[in-house]
$ cat start_23.txt   # compact mmCIF, C-alpha atoms
# COMPACT_ATOMS: atom_id res chain seq x y z
CA MET A 1115 -14.74 -6.43 34.57
CA VAL A 1116 -13.30 -8.15 37.65
CA LYS A 1117 -14.78 -5.57 39.96
CA SER A 1118 -18.15 -5.87 38.21
CA ALA A 1119 -18.15 -9.65 38.53
CA THR A 1120 -17.15 -9.37 42.16
CA PHE A 1121 -19.94 -6.87 42.85
CA LYS A 1122 -22.56 -9.01 41.08
CA GLY A 1123 -21.37 -12.10 42.92
CA ARG A 1124 -21.62 -10.44 46.31
CA ILE A 1125 -25.10 -9.11 45.50
CA LEU A 1126 -26.17 -12.67 44.65
CA VAL A 1127 -24.90 -14.16 47.90
CA LEU A 1128 -26.29 -11.21 49.89
CA ALA A 1129 -29.69 -11.97 48.39
CA GLY A 1130 -29.19 -15.61 49.34
CA ILE A 1131 -28.30 -14.74 52.94
CA LEU A 1132 -31.28 -12.41 53.35
CA LEU A 1133 -33.75 -14.82 51.73
CA VAL A 1134 -32.61 -17.71 53.93
CA ALA A 1135 -32.87 -15.51 57.03
CA ALA A 1136 -36.42 -14.51 56.08
CA THR A 1137 -37.53 -18.17 56.08
CA LEU A 1138 -35.95 -19.46 59.29
CA ARG A 1139 -38.97 -18.87 61.56
CA SER A 1140 -41.89 -19.18 59.13
CA ALA A 1141 -42.55 -22.87 59.82
CA VAL A 1142 -42.70 -22.04 63.53
CA THR A 1143 -44.90 -18.94 63.71
CA VAL A 1144 -47.39 -19.93 61.00
CA VAL A 1145 -48.82 -22.83 63.07
CA PRO A 1146 -50.13 -21.31 66.37
CA PRO A 1147 -52.66 -18.91 64.76
CA VAL A 1148 -54.34 -21.78 62.85
CA VAL A 1149 -54.17 -24.56 65.45
CA SER A 1150 -57.96 -24.54 65.82
CA GLU A 1151 -58.38 -25.08 62.07
CA ILE A 1152 -55.77 -27.87 62.07
CA SER A 1153 -57.61 -29.57 64.96
CA ASN A 1154 -60.66 -29.94 62.72
CA THR A 1155 -58.58 -32.32 60.59
CA LEU A 1156 -56.07 -33.79 63.03
CA PRO A 1157 -56.63 -34.40 66.76
CA ILE A 1158 -54.65 -31.76 68.64
CA ASP A 1159 -54.88 -31.68 72.44
CA SER A 1160 -53.10 -29.55 75.03
CA LEU A 1161 -50.13 -31.94 75.09
CA THR A 1162 -49.72 -31.60 71.32
CA ILE A 1163 -49.88 -27.81 71.56
CA GLY A 1164 -47.21 -27.93 74.25
CA LEU A 1165 -45.03 -30.12 72.04
CA LEU A 1166 -45.50 -27.74 69.11
CA GLY A 1167 -44.29 -24.94 71.37
CA MET A 1168 -41.24 -26.87 72.54
CA LEU A 1169 -40.19 -28.48 69.24
CA PRO A 1170 -38.65 -25.37 67.59
CA THR A 1171 -36.05 -24.66 70.28
CA LEU A 1172 -35.37 -28.38 70.74
CA ALA A 1173 -34.90 -28.96 67.01
CA PHE A 1174 -32.79 -25.81 66.64
CA ALA A 1175 -30.61 -27.07 69.49
CA VAL A 1176 -30.09 -30.61 68.18
CA PHE A 1177 -29.62 -29.86 64.50
CA GLY A 1178 -27.75 -26.64 65.17
CA PHE A 1179 -25.24 -28.56 67.25
CA LEU A 1180 -24.82 -31.25 64.57
CA THR A 1181 -24.40 -28.92 61.58
CA PRO A 1182 -20.73 -27.93 62.18
CA PHE A 1183 -19.72 -31.59 62.02
CA VAL A 1184 -21.24 -31.86 58.54
CA LEU A 1185 -19.29 -28.77 57.46
CA ARG A 1186 -16.19 -30.96 57.34
CA TRP A 1187 -17.56 -32.86 54.33
CA ALA A 1188 -19.54 -30.27 52.38
CA SER A 1189 -19.30 -26.59 51.45
CA LEU A 1190 -21.39 -23.87 53.08
CA GLU A 1191 -23.27 -23.34 49.84
CA LYS A 1192 -24.18 -27.01 49.36
CA LEU A 1193 -25.26 -27.34 52.98
CA THR A 1194 -27.44 -24.25 52.66
CA ILE A 1195 -29.18 -25.74 49.62
CA LEU A 1196 -29.61 -29.03 51.48
CA ALA A 1197 -31.00 -27.25 54.55
CA MET A 1198 -33.59 -25.42 52.45
CA ALA A 1199 -34.51 -28.67 50.66
CA VAL A 1200 -35.05 -30.47 53.97
CA ALA A 1201 -37.17 -27.55 55.20
CA VAL A 1202 -39.29 -27.70 52.04
CA PHE A 1203 -39.80 -31.46 52.33
CA GLY A 1204 -40.80 -31.30 56.00
CA GLN A 1205 -43.27 -28.45 55.52
CA VAL A 1206 -44.91 -30.02 52.47
CA ALA A 1207 -45.06 -33.51 53.97
CA ARG A 1208 -46.71 -32.42 57.20
CA VAL A 1209 -49.78 -30.96 55.48
CA PHE A 1210 -50.41 -34.40 53.96
CA ALA A 1211 -49.82 -36.26 57.23
CA PRO A 1212 -52.72 -38.65 57.93
CA ASN A 1213 -52.37 -38.41 61.71
CA THR A 1214 -51.02 -36.18 64.46
CA PRO A 1215 -47.81 -38.15 65.24
CA LEU A 1216 -46.70 -37.95 61.59
CA PHE A 1217 -47.59 -34.25 61.55
CA LEU A 1218 -45.19 -33.77 64.46
CA VAL A 1219 -42.50 -35.96 62.84
CA PHE A 1220 -42.56 -33.99 59.59
CA THR A 1221 -42.60 -30.75 61.56
CA VAL A 1222 -39.33 -31.85 63.15
CA VAL A 1223 -37.93 -32.62 59.69
CA GLY A 1224 -38.78 -29.13 58.51
CA LEU A 1225 -37.30 -27.60 61.65
CA ALA A 1226 -34.12 -29.63 61.09
CA GLY A 1227 -33.46 -27.70 57.88
CA LEU A 1228 -34.21 -24.40 59.58
CA GLY A 1229 -31.98 -25.27 62.52
CA ALA A 1230 -29.10 -25.94 60.14
CA GLY A 1231 -29.83 -22.64 58.41
CA ASN A 1232 -29.50 -20.82 61.75
CA VAL A 1233 -25.97 -22.13 62.12
CA LEU A 1234 -24.89 -21.62 58.49
CA LEU A 1235 -25.70 -17.91 58.23
CA PRO A 1236 -22.89 -16.54 60.46
CA PRO A 1237 -20.08 -18.42 58.65
CA LEU A 1238 -21.62 -17.42 55.30
CA VAL A 1239 -21.42 -13.79 56.38
CA LYS A 1240 -17.86 -14.36 57.57
CA HIS A 1241 -16.90 -16.07 54.33
CA TYR A 1242 -18.31 -13.55 51.87
CA PHE A 1243 -18.48 -10.28 53.84
CA PRO A 1244 -15.58 -10.11 56.33
CA ASP A 1245 -15.38 -6.38 55.60
CA ARG A 1246 -19.12 -5.80 56.24
CA VAL A 1247 -19.89 -8.13 59.13
CA GLY A 1248 -21.85 -5.55 61.15
CA LEU A 1249 -23.96 -4.33 58.25
CA VAL A 1250 -24.80 -7.75 56.82
CA THR A 1251 -25.58 -9.15 60.28
CA ALA A 1252 -27.92 -6.21 60.90
CA LEU A 1253 -29.67 -6.84 57.58
CA TYR A 1254 -30.12 -10.57 58.01
CA VAL A 1255 -31.31 -10.36 61.63
CA THR A 1256 -33.83 -7.76 60.51
CA MET A 1257 -35.04 -10.17 57.82
CA LEU A 1258 -35.23 -12.86 60.51
CA SER A 1259 -37.53 -10.60 62.54
CA LEU A 1260 -39.73 -9.87 59.53
CA GLY A 1261 -39.84 -13.57 58.70
CA THR A 1262 -41.09 -14.19 62.24
CA ALA A 1263 -43.90 -11.65 62.14
CA ILE A 1264 -45.28 -11.91 58.59
CA PRO A 1265 -46.23 -15.63 58.62
CA ALA A 1266 -48.05 -15.21 61.94
CA GLN A 1267 -49.92 -12.18 60.61
CA SER A 1268 -50.91 -13.79 57.31
CA ALA A 1269 -51.68 -17.30 58.58
CA VAL A 1270 -55.35 -16.78 59.43
CA PRO A 1271 -56.36 -14.80 56.31
CA VAL A 1272 -54.73 -17.38 54.03
CA ALA A 1273 -56.29 -20.26 55.99
CA ASP A 1274 -59.73 -18.62 55.80
CA GLY A 1275 -59.43 -18.23 52.05
CA PHE A 1276 -57.61 -21.39 50.99
CA GLY A 1277 -57.43 -23.75 53.99
CA TRP A 1278 -54.84 -24.33 56.70
CA GLN A 1279 -52.82 -26.64 54.46
CA THR A 1280 -52.18 -23.82 52.00
CA SER A 1281 -51.41 -21.43 54.86
CA LEU A 1282 -48.64 -23.77 56.03
CA VAL A 1283 -47.27 -24.98 52.71
CA VAL A 1284 -46.90 -21.57 51.08
CA TRP A 1285 -43.85 -20.91 53.24
CA ALA A 1286 -42.17 -24.01 51.85
CA ALA A 1287 -42.13 -22.12 48.55
CA ALA A 1288 -40.22 -19.34 50.32
CA ASN A 1289 -37.53 -21.85 51.33
CA LEU A 1290 -37.36 -23.02 47.73
CA VAL A 1291 -36.80 -19.45 46.52
CA ALA A 1292 -34.16 -18.94 49.21
CA ALA A 1293 -32.15 -21.85 47.79
CA LEU A 1294 -31.99 -20.41 44.25
CA PRO A 1295 -29.18 -17.86 44.79
CA TRP A 1296 -27.00 -20.62 46.22
CA VAL A 1297 -27.73 -22.91 43.27
CA LEU A 1298 -26.74 -20.07 40.93
CA THR A 1299 -23.62 -19.42 43.00
CA LEU A 1300 -22.49 -23.02 42.61
CA LEU A 1301 -23.34 -23.09 38.91
CA GLY A 1302 -21.57 -19.83 38.13
CA ARG A 1303 -17.94 -20.41 37.22
CA SER A 1304 -17.09 -16.81 38.03
CA GLY A 1305 -19.12 -16.78 41.22
CA PRO A 1306 -18.60 -14.62 44.30
CA PRO A 1307 -15.03 -14.24 45.55
CA ARG A 1308 -13.78 -16.17 48.51
CA SER A 1309 -13.42 -14.15 51.66
CA ASP A 1310 -9.63 -14.10 51.35
CA GLN A 1311 -9.93 -12.56 47.90
CA ILE A 1312 -12.09 -9.62 48.88
CA THR A 1313 -10.28 -6.33 48.90
CA GLY A 1314 -13.09 -4.00 49.96
CA PRO A 1315 -12.80 -1.49 52.83
CA GLN A 1316 -11.95 -2.99 56.18
CA PRO A 1317 -13.30 -2.15 59.63
CA PRO A 1318 -10.98 -0.12 61.86
CA ALA A 1319 -8.27 -2.05 63.68
CA HIS A 1320 -8.82 -2.04 67.42
CA ALA A 1321 -6.02 -2.46 69.87
CA GLY A 1322 -5.27 -6.13 70.23
CA VAL A 1323 -7.72 -7.15 67.48
CA PRO A 1324 -6.43 -7.15 63.87
CA PRO A 1325 -8.69 -5.89 61.06
CA ALA A 1326 -11.25 -8.49 60.00
CA GLY A 1327 -10.01 -8.70 56.44
CA ALA A 1328 -6.39 -9.12 57.45
CA ALA A 1329 -7.24 -11.77 59.98
CA GLN A 1330 -9.46 -13.51 57.50
CA GLY A 1331 -6.83 -13.54 54.79
CA SER A 1332 -4.05 -14.85 56.98
CA SER A 1333 -6.44 -17.35 58.49
CA ALA A 1334 -7.49 -18.63 55.10
CA ARG A 1335 -3.86 -19.21 54.13
CA GLN A 1336 -3.16 -21.00 57.42
CA GLU A 1337 -6.25 -23.17 57.08
CA SER A 1338 -5.38 -24.16 53.54
CA ALA A 1339 -1.95 -25.26 54.73
CA ALA A 1340 -2.91 -26.99 57.98
CA PRO A 1341 -6.53 -26.74 59.17
CA GLN A 1342 -6.74 -26.01 62.87
CA LYS A 1343 -8.90 -28.28 64.97
CA ILE A 1344 -11.34 -26.11 66.88
CA SER A 1345 -12.39 -27.17 70.38
CA VAL A 1346 -15.02 -24.67 71.43
CA TRP A 1347 -15.16 -26.00 75.00
CA ARG A 1348 -11.63 -24.69 75.60
CA SER A 1349 -12.61 -21.07 75.01
CA PRO A 1350 -13.91 -18.92 77.89
CA MET A 1351 -15.19 -16.52 75.25
CA ALA A 1352 -17.20 -19.29 73.54
CA ILE A 1353 -18.69 -20.52 76.82
CA GLY A 1354 -19.62 -16.96 77.75
CA LEU A 1355 -21.19 -16.33 74.34
CA THR A 1356 -23.20 -19.55 74.61
CA VAL A 1357 -24.53 -18.56 78.04
CA MET A 1358 -25.33 -15.09 76.70
CA PHE A 1359 -27.20 -16.48 73.68
CA GLY A 1360 -28.99 -19.16 75.70
CA CYS A 1361 -30.19 -16.83 78.45
CA THR A 1362 -31.34 -14.26 75.90
CA SER A 1363 -33.39 -16.88 74.04
CA LEU A 1364 -34.71 -18.30 77.32
CA ASN A 1365 -36.06 -14.91 78.39
CA THR A 1366 -37.46 -14.11 74.96
CA TYR A 1367 -39.36 -17.38 74.62
CA ALA A 1368 -40.62 -17.14 78.22
CA MET A 1369 -42.12 -13.75 77.43
CA PHE A 1370 -43.59 -14.96 74.15
CA ALA A 1371 -45.31 -17.79 76.01
CA TRP A 1372 -46.42 -16.04 79.18
CA LEU A 1373 -46.64 -12.26 78.69
CA PRO A 1374 -50.31 -12.38 77.55
CA VAL A 1375 -51.18 -14.55 80.56
CA ILE A 1376 -49.39 -12.18 82.97
CA LEU A 1377 -51.25 -9.19 81.58
CA SER A 1378 -54.61 -10.98 81.41
CA GLU A 1379 -54.35 -11.93 85.09
CA ALA A 1380 -53.55 -8.28 85.83
CA GLY A 1381 -56.89 -7.26 84.31
CA LEU A 1382 -56.10 -6.47 80.68
CA SER A 1383 -58.41 -7.76 77.99
CA ARG A 1384 -57.25 -10.54 75.70
CA ALA A 1385 -57.02 -8.05 72.83
CA ASP A 1386 -54.92 -5.61 74.85
CA ALA A 1387 -52.66 -8.41 76.10
CA GLY A 1388 -52.17 -9.57 72.51
CA SER A 1389 -51.32 -6.03 71.42
CA MET A 1390 -48.70 -5.82 74.16
CA LEU A 1391 -47.15 -9.08 72.94
CA ALA A 1392 -47.04 -7.64 69.42
CA LEU A 1393 -45.33 -4.52 70.82
CA PHE A 1394 -42.79 -6.72 72.61
CA ALA A 1395 -42.07 -8.61 69.38
CA ILE A 1396 -41.91 -5.63 67.00
CA LEU A 1397 -39.12 -3.99 69.01
CA GLY A 1398 -36.82 -6.64 67.58
CA LEU A 1399 -36.84 -4.87 64.22
CA PRO A 1400 -35.06 -1.60 65.13
CA LEU A 1401 -32.78 -3.43 67.54
CA SER A 1402 -31.76 -5.86 64.79
CA LEU A 1403 -30.55 -2.92 62.72
CA LEU A 1404 -29.05 -0.66 65.37
CA VAL A 1405 -27.26 -3.06 67.72
CA PRO A 1406 -24.97 -4.80 65.16
CA LEU A 1407 -24.11 -1.51 63.43
CA LEU A 1408 -23.11 0.09 66.73
CA ALA A 1409 -21.41 -2.97 68.21
CA SER A 1410 -19.27 -3.62 65.12
CA ARG A 1411 -17.52 -0.29 65.74
CA MET A 1412 -16.61 -1.11 69.34
CA ARG A 1413 -13.66 -3.04 70.69
CA ASN A 1414 -15.58 -4.27 73.74
CA GLN A 1415 -19.36 -4.43 73.43
CA PHE A 1416 -20.16 -4.97 77.12
CA PRO A 1417 -21.50 -1.40 77.64
CA ILE A 1418 -24.27 -2.24 75.16
CA VAL A 1419 -25.09 -5.38 77.15
CA ALA A 1420 -25.20 -3.37 80.38
CA VAL A 1421 -27.75 -0.93 78.92
CA LEU A 1422 -29.89 -3.79 77.57
CA LEU A 1423 -29.75 -5.62 80.91
CA VAL A 1424 -30.95 -2.51 82.76
CA ALA A 1425 -33.89 -2.31 80.34
CA PHE A 1426 -34.63 -6.00 80.92
CA VAL A 1427 -34.54 -5.65 84.73
CA VAL A 1428 -36.67 -2.48 84.92
CA GLY A 1429 -39.19 -3.93 82.48
CA TYR A 1430 -39.49 -7.14 84.48
CA LEU A 1431 -39.85 -5.23 87.75
CA GLY A 1432 -42.74 -3.28 86.26
CA LEU A 1433 -44.44 -6.39 84.88
CA TRP A 1434 -44.02 -8.15 88.22
CA LEU A 1435 -44.99 -5.36 90.65
CA SER A 1436 -47.34 -3.15 88.62
CA PRO A 1437 -48.38 -4.84 85.38
CA ALA A 1438 -51.70 -2.99 85.04
CA GLN A 1439 -50.16 0.50 85.29
CA LEU A 1440 -47.81 1.90 82.60
CA THR A 1441 -47.99 -1.49 80.95
CA TRP A 1442 -46.70 -0.17 77.62
CA LEU A 1443 -43.57 1.19 79.30
CA TRP A 1444 -42.71 -2.10 81.02
CA VAL A 1445 -43.31 -4.02 77.78
CA VAL A 1446 -41.13 -1.63 75.77
CA LEU A 1447 -38.29 -1.92 78.28
CA ALA A 1448 -38.59 -5.72 78.43
CA GLY A 1449 -38.68 -5.75 74.62
CA ILE A 1450 -35.45 -3.75 74.39
CA GLY A 1451 -33.60 -6.33 76.48
CA PRO A 1452 -33.47 -9.03 73.75
CA GLY A 1453 -31.20 -6.74 71.73
CA THR A 1454 -28.53 -9.07 73.09
CA PHE A 1455 -29.74 -11.62 70.49
CA PRO A 1456 -28.44 -9.79 67.36
CA LEU A 1457 -25.35 -8.86 69.36
CA ALA A 1458 -24.65 -12.53 70.09
CA LEU A 1459 -24.98 -13.42 66.40
CA LEU A 1460 -22.59 -10.60 65.49
CA LEU A 1461 -20.03 -11.74 68.08
CA ILE A 1462 -19.86 -15.16 66.43
CA ASN A 1463 -18.06 -13.45 63.54
CA LEU A 1464 -16.24 -10.75 65.49
CA ARG A 1465 -14.62 -13.36 67.74
CA THR A 1466 -13.40 -15.69 64.96
CA ARG A 1467 -10.86 -15.32 62.15
CA GLY A 1468 -12.01 -17.92 59.63
CA ARG A 1469 -15.25 -19.47 58.48
CA GLU A 1470 -14.40 -22.89 59.99
CA ALA A 1471 -14.10 -21.34 63.43
CA ALA A 1472 -17.22 -19.24 62.80
CA GLY A 1473 -19.13 -22.40 61.87
CA ALA A 1474 -17.92 -24.26 64.95
CA LEU A 1475 -18.76 -21.34 67.24
CA SER A 1476 -22.14 -20.81 65.57
CA GLY A 1477 -23.11 -24.45 65.97
CA PHE A 1478 -21.98 -24.65 69.57
CA THR A 1479 -23.51 -21.33 70.62
CA GLN A 1480 -26.87 -21.92 68.96
CA GLY A 1481 -27.02 -25.66 69.66
CA VAL A 1482 -26.35 -25.39 73.38
CA GLY A 1483 -28.04 -21.98 73.58
CA TYR A 1484 -31.37 -23.19 72.22
CA ALA A 1485 -31.19 -26.19 74.54
CA ILE A 1486 -30.93 -23.74 77.45
CA ALA A 1487 -33.85 -21.77 75.99
CA CYS A 1488 -36.12 -24.84 76.18
CA ILE A 1489 -36.10 -24.52 79.96
CA GLY A 1490 -37.50 -20.99 80.07
CA PRO A 1491 -41.20 -21.25 79.18
CA VAL A 1492 -41.62 -24.60 80.94
CA LEU A 1493 -39.98 -23.68 84.25
CA PHE A 1494 -41.55 -20.22 84.35
CA GLY A 1495 -44.97 -21.82 83.95
CA LEU A 1496 -44.30 -24.54 86.52
CA LEU A 1497 -43.18 -21.97 89.09
CA HIS A 1498 -46.38 -20.02 88.53
CA GLN A 1499 -48.49 -23.17 88.79
CA GLY A 1500 -46.73 -24.28 91.96
CA THR A 1501 -46.86 -20.94 93.80
CA GLY A 1502 -49.98 -19.32 92.39
CA ASN A 1503 -48.16 -16.05 91.65
CA TRP A 1504 -45.41 -14.69 89.41
CA THR A 1505 -42.79 -13.96 92.09
CA ALA A 1506 -40.82 -17.19 91.79
CA GLY A 1507 -40.98 -17.06 88.00
CA PHE A 1508 -39.57 -13.56 87.82
CA GLY A 1509 -36.95 -14.51 90.39
CA PHE A 1510 -35.88 -17.28 88.02
CA LEU A 1511 -35.71 -14.82 85.10
CA PHE A 1512 -33.68 -12.34 87.15
CA ALA A 1513 -31.19 -15.14 87.92
CA THR A 1514 -30.86 -15.92 84.21
CA LEU A 1515 -30.22 -12.22 83.49
CA ALA A 1516 -27.36 -12.31 85.99
CA LEU A 1517 -25.93 -15.32 84.13
CA LEU A 1518 -26.42 -13.46 80.86
CA GLY A 1519 -24.34 -10.57 82.19
CA VAL A 1520 -21.53 -12.85 83.34
CA GLY A 1521 -21.49 -14.68 80.01
CA ALA A 1522 -21.50 -11.41 78.07
CA PHE A 1523 -18.55 -10.14 80.11
CA PHE A 1524 -16.39 -12.95 78.71
CA ALA A 1525 -17.97 -12.90 75.24
CA CYS A 1526 -17.42 -9.17 74.73
CA ARG A 1527 -13.74 -9.10 75.70
CA PRO A 1528 -11.63 -8.80 72.51
CA ALA A 1529 -10.32 -12.29 71.74
CA TYR A 1530 -10.37 -14.81 68.92
CA LEU A 1531 -11.65 -18.35 69.33
CA GLU A 1532 -8.59 -19.67 67.47
CA ASP A 1533 -6.31 -18.09 70.10
CA GLN A 1534 -8.04 -19.85 73.00
CA GLN A 1535 -7.28 -23.42 72.00
CA ALA A 1536 -4.31 -24.04 74.28

$ encode --input "start_23.txt" --output "structure tokens"
Amino acid sequence: MVKSATFKGRILVLAGILLVAATLRSAVTVVPPVVSEISNTLPIDSLTIGLLGMLPTLAFAVFGFLTPFVLRWASLEKLTILAMAVAVFGQVARVFAPNTPLFLVFTVVGLAGLGAGNVLLPPLVKHYFPDRVGLVTALYVTMLSLGTAIPAQSAVPVADGFGWQTSLVVWAAANLVAALPWVLTLLGRSGPPRSDQITGPQPPAHAGVPPAGAAQGSSARQESAAPQKISVWRSPMAIGLTVMFGCTSLNTYAMFAWLPVILSEAGLSRADAGSMLALFAILGLPLSLLVPLLASRMRNQFPIVAVLLVAFVVGYLGLWLSPAQLTWLWVVLAGIGPGTFPLALLLINLRTRGREAAGALSGFTQGVGYAIACIGPVLFGLLHQGTGNWTAGFGFLFATLALLGVGAFFACRPAYLEDQQA
């Protein structure tokens, strides 16, 4: 009976993790395809479109950075419910906004909940699945990728049939559904076991790095006796992981913003350029599954980063020097490079013992990382505008890839955040 209750409890929280992950990008990607329809109701100029493009990373940075501080006063489960509730309110309120400024304000409110959700998922995985970190991370990052693509694909058909308001607000219902497993978890007296109570199979012990379950259990006992104050700034690993995450996001968002323009200027039609962007984006799905599963079995994951960086560099060289020839190959290689994103999310848990440290590292990495990412699309575009070609822009991206490699070198070395506090 105990094992059955434990199994059912873990299935419930796994469903909660996956449902939350599936909703974390919907409020972002559902807007651009229907901007023209929205502009028939609310005045939307080029400045507003630029703000809509910048708000997600900015909101993810600000509210991601603030979330770990709130963790001191509320449980992960309660904060997850609150995050989904805030996301629902923001998404519903913005479709009733009487003017463009209020539309933007309520968009920020919705993104605040999603930004908190970004930060909460890694410590939730650490708390409930310390023995399955690689697998659960792979699953939830895959759901994150699906939750990025599906709203963008369905936005126009839904708007054509029911109006842009319905197209936007339907995803608020998804956030509401994502909160239900966590409500049931809190209501259930015999809910899922705490991470220090789980006795499932453990990952192999690497030299110098204790098994996740053992570390988690001892950590939980230490934290219950005397909680350790975590200062992320003191950790070379944490700084490296933040640079790795930030530079990955910077490059990804720069390509999302400018890849169609690069290919259109090279002579491709708008339809072909859009198809290449879709190809770039869809590569995130297999990478989300494969990279965490492979990396969780390795003591040092830097060889994976090296392979992904080579793909990034060769893809960029092709897009820069010969974008009209073998375009699909350059796009595929550039699309493989962001496999460092699921790896960075996995490392948040692999490099911490307890959920408090995982929460602190998640907030710091994603808060500062998304702030770094804000620079990418803007500076890449300004360099192109100022020089009239893509050389300076790609030079900037190559420099960020070098920083990514340096950050990953420190992030991938086996070490725990808790051990780097001296």

$ residues_around --input "start_23.txt" --residues "A:Glu1379" --least-positions-apart "6" --cutoff "12 Å" --atoms "all atoms listed in the file" --output "ChimeraX atom specification"
/A:1372-1373,1387,1433-1434,1436-1438,1498,1502-1504

$ atom_distance --input "start_23.txt" --atom1 "atom CA of A:Ala1293" --atom2 "atom CA of A:Ala1135"
11.2 Å

$ atom_distance --input "start_23.txt" --atom1 "atom CA of A:Phe1478" --atom2 "atom CA of A:Phe1179"
5.6 Å

$ residues_near_point --input "start_23.txt" --point "(-37.7, -7.3, 66.8)" --cutoff "10 Å" --atoms "all atoms listed in the file" --output "ChimeraX atom specification"
/A:1255-1260,1262-1263,1392-1403,1449-1450,1452-1453,1455-1456

$ residues_around --input "start_23.txt" --residues "A:Phe1512" --least-positions-apart "3" --cutoff "9 Å" --atoms "all atoms listed in the file" --output "PyMOL selection string"
chain A and resi 1426-1427+1430+1507-1509+1515-1517

$ write_last_selection --input "start_23.txt" --atoms "C-alpha atoms" --output "PDB file, keeping the file's coordinate frame"
ATOM      1  CA  PHE A1426     -34.630  -6.000  80.920  1.00  0.00           C
ATOM      2  CA  VAL A1427     -34.540  -5.650  84.730  1.00  0.00           C
ATOM      3  CA  TYR A1430     -39.490  -7.140  84.480  1.00  0.00           C
ATOM      4  CA  GLY A1507     -40.980 -17.060  88.000  1.00  0.00           C
ATOM      5  CA  PHE A1508     -39.570 -13.560  87.820  1.00  0.00           C
ATOM      6  CA  GLY A1509     -36.950 -14.510  90.390  1.00  0.00           C
ATOM      7  CA  LEU A1515     -30.220 -12.220  83.490  1.00  0.00           C
ATOM      8  CA  ALA A1516     -27.360 -12.310  85.990  1.00  0.00           C
ATOM      9  CA  LEU A1517     -25.930 -15.320  84.130  1.00  0.00           C
TER      10      LEU A1517
END

$ axis_aligned_box --input "start_23.txt" --around "stretch 1272-1283 of chain A" --padding-each-side "5 Å" --output "AutoDock Vina command-line options"
--center_x -53.5 --center_y -22.0 --center_z 53.8 --size_x 22.5 --size_y 19.3 --size_z 15.7

$ closest_residue --input "start_23.txt" --among "A:Trp1442, A:Trp1187, A:Phe1174, A:Trp1285" --to "A:Asp1386" --atoms "all atoms listed in the file"
A:Trp1442

$ residues_around --input "start_23.txt" --residues "A:Trp1296" --least-positions-apart "4" --cutoff "9 Å" --atoms "all atoms listed in the file" --output "PyMOL selection string"
chain A and resi 1126-1127+1130+1191-1192+1194-1195+1292+1300-1301

$ residues_around --input "start_23.txt" --residues "A:Gly1429" --least-positions-apart "3" --cutoff "7 Å" --atoms "only C-alpha atoms" --output "PyMOL selection string"
chain A and resi 1425-1426+1432-1433+1444-1445+1447-1448

$ atom_distance --input "start_23.txt" --atom1 "atom CA of A:Val1149" --atom2 "atom CA of A:Trp1278"
8.8 Å

$ residues_near_point --input "start_23.txt" --point "(-18.6, -14.0, 72.6)" --cutoff "7 Å" --atoms "all atoms listed in the file" --output "PyMOL selection string"
chain A and resi 1351-1352+1354-1355+1458+1461-1462+1465+1522+1524-1526

$ residues_around --input "start_23.txt" --residues "A:Thr1514" --least-positions-apart "6" --cutoff "10 Å" --atoms "all atoms listed in the file" --output "list in words"
Val1357, Met1358, Gly1360, Cys1361, Thr1362, Leu1364, Asn1365, Gly1490, Phe1508 and Val1520 of chain A

$ closest_residue --input "start_23.txt" --among "A:Gly1468, A:Gly1229, A:Gly1381, A:Gly1519" --to "A:Val1176" --atoms "all atoms listed in the file"
A:Gly1229

$ closest_atom_pairs --input "start_23.txt" --of "stretch 1224-1258 of chain A" --to "stretch 1481-1488 of chain A" --cutoff "10 Å" --atoms "only C-alpha atoms" --output "Markdown table"
| residue | atom | partner | partner_atom | distance |
| --- | --- | --- | --- | --- |
| A:Gly1229 | CA | A:Gly1481 | CA | 8.7 |
| A:Ala1230 | CA | A:Gly1481 | CA | 9.7 |
| A:Asn1232 | CA | A:Gly1481 | CA | 9.6 |
| A:Val1233 | CA | A:Gly1481 | CA | 8.4 |

$ closest_atom_pairs --input "start_23.txt" --of "stretch 1141-1176 of chain A" --to "stretch 1209-1218 of chain A" --cutoff "9 Å" --atoms "only C-alpha atoms" --output "CSV"
residue,atom,partner,partner_atom,distance
A:Thr1155,CA,A:Asn1213,CA,8.8
A:Leu1156,CA,A:Thr1214,CA,5.8
A:Pro1157,CA,A:Thr1214,CA,6.3
A:Ile1158,CA,A:Thr1214,CA,7.1
A:Thr1162,CA,A:Thr1214,CA,8.4
A:Leu1165,CA,A:Leu1218,CA,8.4
A:Leu1166,CA,A:Leu1218,CA,7.6
A:Leu1169,CA,A:Leu1218,CA,8.7

$ closest_residue --input "start_23.txt" --among "A:Arg1124, A:Leu1282, A:Val1419, A:Val1239" --to "A:Gly1204" --atoms "all atoms listed in the file"
A:Leu1282

$ closest_residue --input "start_23.txt" --among "A:Val1297, A:Ala1141, A:Ala1420, A:Leu1238" --to "A:Asn1463" --atoms "only C-alpha atoms"
A:Leu1238

$ closest_residue --input "start_23.txt" --among "A:Pro1491, A:Leu1496, A:Ile1376, A:Val1219" --to "A:Gly1167" --atoms "all atoms listed in the file"
A:Pro1491

$ closest_residue --input "start_23.txt" --among "A:Ala1288, A:Ala1173, A:Val1346, A:Leu1185" --to "A:Gly1261" --atoms "all atoms listed in the file"
A:Ala1288
